[in-house]
Structures are given as structure tokens and as C-alpha cells.
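The next block holds one structure in the form of C-alpha cells; read it before the comments.
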Amino acid sequence: MVFIRTKTIKGQKYYYLVENRREDGRVVQKVLRYIGKAENLLGKV
């Protein structure tokens with residue numbers, strides 16, 4: 001399953017594309033791609 005994770009670091013929001021997969025009976029998360037800052041994607045609203 002792939003989803004977008006939002007992290008807030010020092011008041012700034014950052015977006016990452018993250019994948020969950022099962023390996024040896026455990027769920028492992030892997031960051032596939034850094035998408036960017038919220039303000040760069042959405043523009044200054």
C-alpha cells in the first residue's frame with residue numbers, strides 16, 4: 001500500500017510518498033520519494 005505522509009518539522013509541513021510492504025512477516029515502511037514542502041506544492045494561500 002502506498003500513501004502520502006505529512007511530517008511537521010519546526011512548523012513546516014513536508015510530504016513524502018511512503019510504501020508499506022510485508023517482509024518476513026513484518027511490515028516495513030520505505031520512503032519512495034520526497035514530494036516537497038506544503039507551501040511549494042499548494043502555493044501561498
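Going by the C-alpha cells order, chains are called A, B, ..., each with residues numbered from 1, while ligands are numbered from 1 in the order shown.
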Q. Can you list, as a list in words, every protein, DNA or RNA residue that comes within 10 Å of Lys13 (chain A) when you count only C-alpha atoms, leaving out same-chain residues fewer than 4 positions away?
A. Thr6, Lys7, Thr8, Ile9, Gly36, Lys37, Ala38 and Glu39 of chain A
Q: DSSP on the backbone, then: every residue of chain A marked strand (DSSP E or B), written as a VMD selection string.
A: chain A and resid 2 to 9 12 to 23 26 to 37
Q: Mind giving me the straight-line distance from CA of Val27 (chain A) to CA of Arg5 (chain A) in Å, one decimal?
A: 16.2 Å
Q: Assign secondary structure with DSSP using the backbone only, and return the residues of chain A in helix (DSSP H, G or I) as a PyMOL selection string.
A: chain A and resi 38-42
Q.
Quick check, in Å to one decimal: how far apart do CA of Gln12 (chain A) and CA of Ile35 (chain A) lie?
A.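 Computing it gives 13.7 Å between the two atoms.
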Any idea what's packed within 8 Å of Phe3 (chain A), counting only C-alpha atoms, ignoring anything in its chain fewer than 3 positions away? Could you give it as a PDB file with C-alpha atoms, in the first residue's frame?
```pdb
ATOM      1  CA  LEU A  17       5.413   9.132  -0.647  1.00  0.00           C
ATOM      2  CA  VAL A  18       5.657   6.037   1.596  1.00  0.00           C
ATOM      3  CA  GLU A  19       5.105   2.349   0.857  1.00  0.00           C
TER       4      GLU A  19
END
```
